[in-house]
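As C-alpha cells, the structure follows; a few thoughts come after it.
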Amino acid sequence: MPSMSDLARHWLVADRADTAEPERRRKAARRSDELVGAALSRLRRATYGPGWMTRWETRQVLREGTRLSALDDDALAALVRDQAPALLRHGFRGRPFRLATAGIREMSHRRLGLRHHPVQVTGGMALARGRIVEMATGEGKTITTLIPAVLVALVGVPVHVITVNRYLATRDAATLAPVLEAFGLSHGVITEETEHHLRPGIYDSDVVFSTNSDIAFDYLRDRIALGQDRSALATLSRRMLAAGGGRDARRIVTRGLGFAVVDEVDSILIDEAQTPLIITAERPGDPDAVVAEDAMLALAATLEEGPDFRLDRRHRQVRLMPRAEDVLAGFLPPVPSLEPEPARREALAQALSALHLYLRDEHYIVTDEGVAIVDEFTGRVMPDRQWQSGLHQMIEAKERADRSGRRETLAQITYQTFFGRYLWFAGMTGTAAEVARELRLTHDRAVFRVPTHRRVRRRLWRTRFHAGSAARWRAVVRAALRQSRRGRPVLIGTRSVSASELVAERLRMEGAEPVVLNARQDADEAGIVAAAGQPGRITVATNMAGRGTDIPVSAEVEAQGGLHVILTEFHGSARIDRQLIGRTARQGQRGTSQAFVALDDPLFADNLPGLVRMVQRLTPGYGGPLPAALAELMRNLAQGRAERRGRSRRSQTVQRARRQEKALGFRPDNI
C-alpha cells in the first residue's frame, strides 16, 4: 500500500511506460471495468469545495508570506529552490510545500505587482496536486498557473501550460516570464508558427506554453518517428548514434508527458474531444478527382430537397430518396472512379452536404490560401485541418478554390487518450460544473470549486425573445446604440462570421463605428481586446472573445455601469454562453449582460423543431417579443439535448479509437 508521501509525489506512478521520457503506459480498456467505473462514479461527488484543512493550509501560506517579505529577491529565490529536495522526498504536502508556495506568491508581487489572493493560492495548490479547478471568470487564472508551474518544474518534471489558442499561450508566457526567470526557470512558447527545427530546443525548457493541438500533434510526430521500439534503451541508443552525438534529427523531442496545466479544460476535454487528432499525408492531386467533384456538384444542384433527398442538419447527414437513386442509376460517369454505384452514391452525398450542410462564413471561410475551417466552439480558424472522405475537396469545388490533395491517415489519438498519458495533469476553467459528472467518469477527477475573491456584481437582464431574426437584429442594434451613447462599452457576441458582419453593417448604417473580431479579421486581436473597454466602444465578436480574454475598463466606465455584453444567440452549451457573459463584471466590478434570441435560431430549430412549429402556429403574424420565460424553457431543453448528443459523440469517438487499436494491434507503434 502506498504511503502518504508516495501519494503526494504524483510523478511516481505504477503504470509509467518504459521510455526515456516520462509518460504513462497505455491501459487496455475492459468493458467490465468501464461499467463498474461508471456505476461507482455515480456514487461519488462530482464537485466539492474547500474544506477546513484546505482553508487552514491557505492561511498558513499567507502567514509564511509575511515572514518572507523581509528577504531580498536573491534570498527569496534561493529559499524557494532549496525546497526542491524536500518536495522530491515528501511530495506536495507539509511545510516545504507551503513555504515554496508562499515564496512564489511573494515573487509574483515583486515582479508583476500582483500578489495571489487567498482563493488563487487555494486554486494553485490544488492544481499542483492534479485537480480540476473551477474559478469564476475574471478571478485571475493566469497568475494562479504560476504556483503549479514553478513547483513542478522545481522537482525536474517537464511542465506544459496548455491553452486553447495561440493568443492566450503567447500572452500567458509574456505575463509570467518575469517570475519564472526570477527562479532560474527557462520557458518557451510553441504555436503553429514555430518552425520545426526550433521546437526541440523549446521543449528542453522547464516550462512550455502551447496549445492543445500543437502539443498533441508533436507527440504524434514523435511516435511516428520513433516507430517500433520506444524503450528507454532504444531512445538513448538513437541519441548517441545521431549525427554529432545529439538528437535523432527525424523527431521532435517533447521531453515526454510529465505534467500539464490545462487552461479552459472544459473546452479541450469536452468540446474539442468529439473528434480525434489525426496526422495525415497529402496525396498528389488527381485530375480525374477534379472532374468527378465538378460533375457530382452539378448533379447535386439539380436535385430538390424532399423528393430527392432529406437533410438531417442536426447530425449533418444526407439521406438519398428513391428518386435520387434513379437519377444516379442513369448517370453517365465521366471518369472511371465513379463507375461503381457505391462510389457515385457517396460522392453525391458529399456534394449535397457541401451545398446544403456546410455554409460559408459559418463553418468555414475562404482565404487567399483556400478553404479554412472555423472552429464552432472558439470561432477561430483551424489551420491545416481538412474534412475527411473528400468533403473538403467538394467544398473547395463549390467555392471555386484551388483544390488540395486528399489526405491519408498516418496516426491519430483522442484527447481522452492523450491526456491520460501524462504522469498527471490539472485543469482550470470558469465553467466546469455543467460537465463535472462527465469529467469524473472519463478522467476520474471531481471538480474543485473555488469561491470568488469578491462578491459578483454582474446583473443579467431579462432575455428578449423574438419571433424572427430580423426583429432580433433590430433590437440588438437599438440596445447597443443606447448603451454606447451612455458612455458604456458594448461587446456583442455572435455564433458565426456572417452574423458578426451582418450586425456590424447594421450598426454602421445607424452611424456607429463598430470594431469586428472574427476568424477573417483577427490580425490585431490583442489590440482589439485591449481597447474593447473604452467608453462608448462597440465591439462585435464571434466566440474568439468568449474565453480567456480580459477586457479592462476604467473607473469612468465602471461608474456608468461597466461593460455591457449582448448575446445574439444561445449556443449548444450553456458553458459557452457563460464564458461570453463572464467578460463583464470581473473581479468585483459592475457589469450587465442581456440575450437577444429568435425562434428560428439553429439551436431551437435543430433540437426542438416540434415546439418551434407549435409556437409559430400559436403566434401567426405576431411581431412583438415572446415571453422571456418561454425562451429560458426552450433554451434549457435545447441545450440539454445538444449536450447529451455531444456526450454520445465523445463516447463514440473513444469507442471507435479503441476498435481501431484492436484492429491494428499487430502494430508495435500502436498510437
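Each chain of the C-alpha cells is named A, B, ... in the order shown, its residues numbered from 1; ligands are numbered from 1 in display order.
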
Quick one: everything within 7 Å of Gly427 in chain A, counting only C-alpha atoms, minus sequence neighbours fewer than 4 positions away in the same chain. Send it as an MDAnalysis selection string. chainID A and resid 127 131:133 261:263 265

With N, CA and C atoms retained, export the selected residues as a compact mmCIF listing (two decimals), in the first residue's frame.
# COMPACT_ATOMS: atom_id res chain seq x y z
N LEU A 127 -4.15 22.72 -8.14
CA LEU A 127 -3.65 22.39 -9.47
C LEU A 127 -2.36 21.57 -9.39
N ARG A 131 -5.73 18.51 -9.59
CA ARG A 131 -7.18 18.70 -9.52
C ARG A 131 -7.68 19.47 -10.74
N ILE A 132 -8.96 19.33 -11.01
CA ILE A 132 -9.66 20.21 -11.95
C ILE A 132 -10.36 21.28 -11.14
N VAL A 133 -9.98 22.52 -11.37
CA VAL A 133 -10.41 23.63 -10.52
C VAL A 133 -11.34 24.55 -11.31
N VAL A 261 -0.76 21.75 -17.08
CA VAL A 261 -1.83 22.59 -16.55
C VAL A 261 -2.67 23.01 -17.75
N VAL A 262 -3.90 22.57 -17.78
CA VAL A 262 -4.76 22.79 -18.94
C VAL A 262 -5.72 23.93 -18.63
N ASP A 263 -5.50 25.07 -19.26
CA ASP A 263 -6.42 26.19 -19.11
C ASP A 263 -7.64 25.95 -19.99
N VAL A 265 -10.12 23.96 -19.42
CA VAL A 265 -10.07 22.50 -19.53
C VAL A 265 -11.36 21.92 -20.09

As a ChimeraX atom specification, please: all residues of range 389-612 of chain A that backbone DSSP puts in alpha helix (DSSP H). /A:391-398,415-420,436-443,469-485,497-509,525-531,555-559,574-581,602-607,609-612

Name the residues in contact with Thr409 in chain A at a cut-off of 10 Å, using only C-alpha atoms, excluding same-chain residues fewer than 2 positions from it; report them as a list in words.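 Here the answer would be Ile278, Ile279, Thr280, Ala281, Glu282, Gln388, Arg407, Ala411 and Gln412 of chain A.
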
Selected residue of minimal separation from Asp384 in chain A among A:Val615, A:Met125, A:Val371, A:Val318, counting only C-alpha atoms: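 Answer, going by the shortest atom-to-atom distance: A:Val371.
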
Show which residues sit within 9 Å of Thr378 in chain A, as a PDB file with C-alpha atoms, in the first residue's frame. Count only C-alpha atoms, and ignore same-chain residues fewer than 6 positions away.
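File written: out34.pdb
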ATOM      1  CA  VAL A 164      -6.901  26.849 -26.385  1.00  0.00           C
ATOM      2  CA  ASN A 165      -5.261  29.273 -28.809  1.00  0.00           C
ATOM      3  CA  SER A 267     -13.155  23.373 -23.886  1.00  0.00           C
ATOM      4  CA  THR A 542     -17.530  35.673 -32.523  1.00  0.00           C
ATOM      5  CA  ASN A 543     -16.600  33.163 -29.827  1.00  0.00           C
ATOM      6  CA  MET A 544     -12.998  34.352 -30.192  1.00  0.00           C
ATOM      7  CA  ALA A 545     -13.762  36.868 -27.442  1.00  0.00           C
ATOM      8  CA  GLY A 546     -15.529  34.324 -25.257  1.00  0.00           C
ATOM      9  CA  ARG A 547     -12.664  32.521 -23.500  1.00  0.00           C
TER      10      ARG A 547
END

Can you list, as a VMD selection string, all residues belonging to range 134-227 of chain A that DSSP tags as strand (DSSP E)? chain A and resid 134 159 to 163 187 to 190 207 to 211

Surrounding residues of range 96-100 of chain A excluding itself and chain neighbours under 2 positions, 12 Å, only C-alpha atoms, as a PDB file with N, CA and C atoms, in the first residue's frame:
ATOM      1  N   ALA A   8       1.580  11.850  -2.446  1.00  0.00           N
ATOM      2  CA  ALA A   8       1.824  13.268  -2.697  1.00  0.00           C
ATOM      3  C   ALA A   8       2.862  13.490  -3.784  1.00  0.00           C
ATOM      4  N   ARG A   9       3.597  12.425  -4.147  1.00  0.00           N
ATOM      5  CA  ARG A   9       4.585  12.538  -5.226  1.00  0.00           C
ATOM      6  C   ARG A   9       3.945  12.000  -6.501  1.00  0.00           C
ATOM      7  N   THR A  54      -8.088  22.551   3.832  1.00  0.00           N
ATOM      8  CA  THR A  54      -7.638  23.415   2.732  1.00  0.00           C
ATOM      9  C   THR A  54      -7.572  24.865   3.182  1.00  0.00           C
ATOM     10  N   TRP A  56      -7.158  25.957   6.243  1.00  0.00           N
ATOM     11  CA  TRP A  56      -6.035  26.087   7.174  1.00  0.00           C
ATOM     12  C   TRP A  56      -4.715  26.169   6.415  1.00  0.00           C
ATOM     13  N   GLU A  57      -4.570  25.342   5.383  1.00  0.00           N
ATOM     14  CA  GLU A  57      -3.332  25.336   4.596  1.00  0.00           C
ATOM     15  C   GLU A  57      -3.131  26.677   3.900  1.00  0.00           C
ATOM     16  N   THR A  58      -4.212  27.249   3.383  1.00  0.00           N
ATOM     17  CA  THR A  58      -4.116  28.556   2.727  1.00  0.00           C
ATOM     18  C   THR A  58      -3.702  29.632   3.727  1.00  0.00           C
ATOM     19  N   ARG A  59      -4.283  29.611   4.921  1.00  0.00           N
ATOM     20  CA  ARG A  59      -3.903  30.601   5.943  1.00  0.00           C
ATOM     21  C   ARG A  59      -2.427  30.456   6.322  1.00  0.00           C
ATOM     22  N   GLN A  60      -1.941  29.239   6.377  1.00  0.00           N
ATOM     23  CA  GLN A  60      -0.537  29.026   6.699  1.00  0.00           C
ATOM     24  C   GLN A  60       0.380  29.601   5.618  1.00  0.00           C
ATOM     25  N   VAL A  61      -0.016  29.470   4.368  1.00  0.00           N
ATOM     26  CA  VAL A  61       0.773  30.050   3.274  1.00  0.00           C
ATOM     27  C   VAL A  61       0.830  31.567   3.416  1.00  0.00           C
ATOM     28  N   LEU A  62      -0.297  32.186   3.751  1.00  0.00           N
ATOM     29  CA  LEU A  62      -0.313  33.638   3.911  1.00  0.00           C
ATOM     30  C   LEU A  62       0.579  34.068   5.077  1.00  0.00           C
ATOM     31  N   ARG A  63       0.587  33.286   6.156  1.00  0.00           N
ATOM     32  CA  ARG A  63       1.454  33.617   7.290  1.00  0.00           C
ATOM     33  C   ARG A  63       2.922  33.477   6.912  1.00  0.00           C
ATOM     34  N   GLU A  64       3.253  32.423   6.189  1.00  0.00           N
ATOM     35  CA  GLU A  64       4.638  32.255   5.737  1.00  0.00           C
ATOM     36  C   GLU A  64       5.054  33.443   4.873  1.00  0.00           C
ATOM     37  N   GLY A  65       4.116  33.944   4.075  1.00  0.00           N
ATOM     38  CA  GLY A  65       4.434  35.049   3.181  1.00  0.00           C
ATOM     39  C   GLY A  65       4.825  36.314   3.911  1.00  0.00           C
ATOM     40  N   THR A  66       4.217  36.590   5.048  1.00  0.00           N
ATOM     41  CA  THR A  66       4.576  37.794   5.802  1.00  0.00           C
ATOM     42  C   THR A  66       6.021  37.730   6.284  1.00  0.00           C
ATOM     43  N   ARG A  67       6.506  36.530   6.596  1.00  0.00           N
ATOM     44  CA  ARG A  67       7.891  36.391   7.034  1.00  0.00           C
ATOM     45  C   ARG A  67       8.870  36.492   5.865  1.00  0.00           C
ATOM     46  N   LEU A  68       8.421  36.085   4.670  1.00  0.00           N
ATOM     47  CA  LEU A  68       9.314  36.111   3.510  1.00  0.00           C
ATOM     48  C   LEU A  68       9.471  37.513   2.938  1.00  0.00           C
ATOM     49  N   LEU A  76      15.077  35.200  -1.595  1.00  0.00           N
ATOM     50  CA  LEU A  76      13.746  34.606  -1.754  1.00  0.00           C
ATOM     51  C   LEU A  76      13.781  33.492  -2.799  1.00  0.00           C
ATOM     52  N   ALA A  77      14.420  33.764  -3.942  1.00  0.00           N
ATOM     53  CA  ALA A  77      14.511  32.740  -4.992  1.00  0.00           C
ATOM     54  C   ALA A  77      15.281  31.519  -4.497  1.00  0.00           C
ATOM     55  N   ALA A  78      16.379  31.761  -3.763  1.00  0.00           N
ATOM     56  CA  ALA A  78      17.171  30.648  -3.244  1.00  0.00           C
ATOM     57  C   ALA A  78      16.369  29.811  -2.256  1.00  0.00           C
ATOM     58  N   LEU A  79      15.585  30.473  -1.407  1.00  0.00           N
ATOM     59  CA  LEU A  79      14.790  29.738  -0.421  1.00  0.00           C
ATOM     60  C   LEU A  79      13.779  28.827  -1.112  1.00  0.00           C
ATOM     61  N   VAL A  80      13.127  29.340  -2.164  1.00  0.00           N
ATOM     62  CA  VAL A  80      12.146  28.516  -2.877  1.00  0.00           C
ATOM     63  C   VAL A  80      12.837  27.342  -3.556  1.00  0.00           C
ATOM     64  N   ARG A  81      13.972  27.590  -4.216  1.00  0.00           N
ATOM     65  CA  ARG A  81      14.688  26.497  -4.884  1.00  0.00           C
ATOM     66  C   ARG A  81      15.191  25.467  -3.875  1.00  0.00           C
ATOM     67  N   ASP A  82      15.525  25.912  -2.678  1.00  0.00           N
ATOM     68  CA  ASP A  82      16.030  24.986  -1.653  1.00  0.00           C
ATOM     69  C   ASP A  82      14.962  24.009  -1.171  1.00  0.00           C
ATOM     70  N   GLN A  83      13.705  24.267  -1.482  1.00  0.00           N
ATOM     71  CA  GLN A  83      12.643  23.337  -1.069  1.00  0.00           C
ATOM     72  C   GLN A  83      12.540  22.138  -2.004  1.00  0.00           C
ATOM     73  N   ALA A  84      13.240  22.182  -3.141  1.00  0.00           N
ATOM     74  CA  ALA A  84      13.116  21.108  -4.136  1.00  0.00           C
ATOM     75  C   ALA A  84      13.460  19.733  -3.574  1.00  0.00           C
ATOM     76  N   PRO A  85      14.577  19.555  -2.844  1.00  0.00           N
ATOM     77  CA  PRO A  85      14.864  18.208  -2.310  1.00  0.00           C
ATOM     78  C   PRO A  85      13.762  17.685  -1.391  1.00  0.00           C
ATOM     79  N   ALA A  86      13.221  18.552  -0.547  1.00  0.00           N
ATOM     80  CA  ALA A  86      12.148  18.115   0.352  1.00  0.00           C
ATOM     81  C   ALA A  86      10.882  17.779  -0.433  1.00  0.00           C
ATOM     82  N   LEU A  87      10.594  18.554  -1.481  1.00  0.00           N
ATOM     83  CA  LEU A  87       9.436  18.248  -2.321  1.00  0.00           C
ATOM     84  C   LEU A  87       9.610  16.911  -3.021  1.00  0.00           C
ATOM     85  N   LEU A  88      10.844  16.622  -3.454  1.00  0.00           N
ATOM     86  CA  LEU A  88      11.107  15.328  -4.087  1.00  0.00           C
ATOM     87  C   LEU A  88      10.912  14.175  -3.111  1.00  0.00           C
ATOM     88  N   ARG A  89      11.308  14.376  -1.861  1.00  0.00           N
ATOM     89  CA  ARG A  89      11.205  13.295  -0.876  1.00  0.00           C
ATOM     90  C   ARG A  89       9.772  13.104  -0.385  1.00  0.00           C
ATOM     91  N   HIS A  90       9.076  14.217  -0.128  1.00  0.00           N
ATOM     92  CA  HIS A  90       7.784  14.127   0.551  1.00  0.00           C
ATOM     93  C   HIS A  90       6.596  14.508  -0.331  1.00  0.00           C
ATOM     94  N   GLY A  91       6.865  15.040  -1.513  1.00  0.00           N
ATOM     95  CA  GLY A  91       5.763  15.424  -2.381  1.00  0.00           C
ATOM     96  C   GLY A  91       5.159  16.767  -2.010  1.00  0.00           C
ATOM     97  N   PHE A  92       4.007  17.042  -2.601  1.00  0.00           N
ATOM     98  CA  PHE A  92       3.360  18.340  -2.426  1.00  0.00           C
ATOM     99  C   PHE A  92       2.494  18.330  -1.172  1.00  0.00           C
ATOM    100  N   ARG A  93       3.163  18.363  -0.020  1.00  0.00           N
ATOM    101  CA  ARG A  93       2.481  18.435   1.267  1.00  0.00           C
ATOM    102  C   ARG A  93       3.472  18.943   2.303  1.00  0.00           C
ATOM    103  N   GLY A  94       2.958  19.349   3.433  1.00  0.00           N
ATOM    104  CA  GLY A  94       3.816  19.771   4.529  1.00  0.00           C
ATOM    105  C   GLY A  94       4.357  21.181   4.366  1.00  0.00           C
ATOM    106  N   ALA A 102       4.336  30.089  -0.751  1.00  0.00           N
ATOM    107  CA  ALA A 102       4.396  31.464  -0.242  1.00  0.00           C
ATOM    108  C   ALA A 102       5.480  32.260  -0.954  1.00  0.00           C
ATOM    109  N   GLY A 103       6.620  31.619  -1.255  1.00  0.00           N
ATOM    110  CA  GLY A 103       7.692  32.306  -1.967  1.00  0.00           C
ATOM    111  C   GLY A 103       7.284  32.690  -3.380  1.00  0.00           C
ATOM    112  N   ILE A 104       6.554  31.817  -4.059  1.00  0.00           N
ATOM    113  CA  ILE A 104       6.071  32.129  -5.412  1.00  0.00           C
ATOM    114  C   ILE A 104       5.105  33.313  -5.355  1.00  0.00           C
ATOM    115  N   ARG A 105       4.250  33.318  -4.351  1.00  0.00           N
ATOM    116  CA  ARG A 105       3.294  34.426  -4.190  1.00  0.00           C
ATOM    117  C   ARG A 105       4.019  35.744  -3.965  1.00  0.00           C
ATOM    118  N   GLU A 106       5.064  35.742  -3.129  1.00  0.00           N
ATOM    119  CA  GLU A 106       5.810  36.961  -2.849  1.00  0.00           C
ATOM    120  C   GLU A 106       6.566  37.437  -4.084  1.00  0.00           C
ATOM    121  N   MET A 107       7.173  36.505  -4.824  1.00  0.00           N
ATOM    122  CA  MET A 107       7.916  36.894  -6.027  1.00  0.00           C
ATOM    123  C   MET A 107       6.974  37.438  -7.097  1.00  0.00           C
ATOM    124  N   VAL A 121      -4.371  31.179  -4.183  1.00  0.00           N
ATOM    125  CA  VAL A 121      -3.445  30.260  -3.508  1.00  0.00           C
ATOM    126  C   VAL A 121      -4.080  28.880  -3.385  1.00  0.00           C
ATOM    127  N   THR A 122      -5.339  28.853  -2.961  1.00  0.00           N
ATOM    128  CA  THR A 122      -6.063  27.586  -2.834  1.00  0.00           C
ATOM    129  C   THR A 122      -6.130  26.865  -4.177  1.00  0.00           C
ATOM    130  N   GLY A 124      -4.166  27.304  -6.828  1.00  0.00           N
ATOM    131  CA  GLY A 124      -2.840  26.922  -7.303  1.00  0.00           C
ATOM    132  C   GLY A 124      -2.326  25.655  -6.657  1.00  0.00           C
ATOM    133  N   MET A 125      -2.535  25.507  -5.358  1.00  0.00           N
ATOM    134  CA  MET A 125      -2.092  24.291  -4.676  1.00  0.00           C
ATOM    135  C   MET A 125      -2.897  23.077  -5.146  1.00  0.00           C
ATOM    136  N   ALA A 126      -4.183  23.270  -5.401  1.00  0.00           N
ATOM    137  CA  ALA A 126      -4.999  22.170  -5.918  1.00  0.00           C
ATOM    138  C   ALA A 126      -4.534  21.752  -7.308  1.00  0.00           C
ATOM    139  N   ALA A 128      -1.456  21.940  -8.499  1.00  0.00           N
ATOM    140  CA  ALA A 128      -0.203  21.194  -8.366  1.00  0.00           C
ATOM    141  C   ALA A 128      -0.464  19.739  -8.007  1.00  0.00           C
ATOM    142  N   ARG A 129      -1.568  19.486  -7.339  1.00  0.00           N
ATOM    143  CA  ARG A 129      -1.910  18.116  -6.930  1.00  0.00           C
ATOM    144  C   ARG A 129      -2.775  17.392  -7.953  1.00  0.00           C
ATOM    145  N   LEU A 146       0.989  30.060 -12.062  1.00  0.00           N
ATOM    146  CA  LEU A 146       2.383  30.155 -11.616  1.00  0.00           C
ATOM    147  C   LEU A 146       2.710  29.141 -10.526  1.00  0.00           C
ATOM    148  N   ILE A 147       1.797  28.943  -9.600  1.00  0.00           N
ATOM    149  CA  ILE A 147       2.087  28.085  -8.447  1.00  0.00           C
ATOM    150  C   ILE A 147       2.399  26.656  -8.887  1.00  0.00           C
ATOM    151  N   PRO A 148       1.505  25.983  -9.641  1.00  0.00           N
ATOM    152  CA  PRO A 148       1.862  24.624 -10.055  1.00  0.00           C
ATOM    153  C   PRO A 148       3.030  24.575 -11.034  1.00  0.00           C
ATOM    154  N   ALA A 149       3.135  25.568 -11.925  1.00  0.00           N
ATOM    155  CA  ALA A 149       4.216  25.547 -12.917  1.00  0.00           C
ATOM    156  C   ALA A 149       5.576  25.595 -12.241  1.00  0.00           C
ATOM    157  N   VAL A 150       5.757  26.491 -11.283  1.00  0.00           N
ATOM    158  CA  VAL A 150       7.051  26.613 -10.604  1.00  0.00           C
ATOM    159  C   VAL A 150       7.306  25.409  -9.706  1.00  0.00           C
ATOM    160  N   LEU A 151       6.313  24.985  -8.941  1.00  0.00           N
ATOM    161  CA  LEU A 151       6.507  23.865  -8.015  1.00  0.00           C
ATOM    162  C   LEU A 151       6.912  22.594  -8.746  1.00  0.00           C
ATOM    163  N   VAL A 152       6.225  22.287  -9.832  1.00  0.00           N
ATOM    164  CA  VAL A 152       6.517  21.045 -10.564  1.00  0.00           C
ATOM    165  C   VAL A 152       7.853  21.150 -11.291  1.00  0.00           C
ATOM    166  N   LEU A 154      10.405  22.756 -10.327  1.00  0.00           N
ATOM    167  CA  LEU A 154      11.476  22.650  -9.336  1.00  0.00           C
ATOM    168  C   LEU A 154      11.877  21.205  -9.066  1.00  0.00           C
ATOM    169  N   VAL A 155      10.949  20.258  -9.208  1.00  0.00           N
ATOM    170  CA  VAL A 155      11.285  18.851  -8.961  1.00  0.00           C
ATOM    171  C   VAL A 155      11.763  18.150 -10.230  1.00  0.00           C
ATOM    172  N   PHE A 183      13.217  32.677 -10.690  1.00  0.00           N
ATOM    173  CA  PHE A 183      13.560  31.404 -10.052  1.00  0.00           C
ATOM    174  C   PHE A 183      14.552  30.588 -10.883  1.00  0.00           C
TER     175      PHE A 183
END
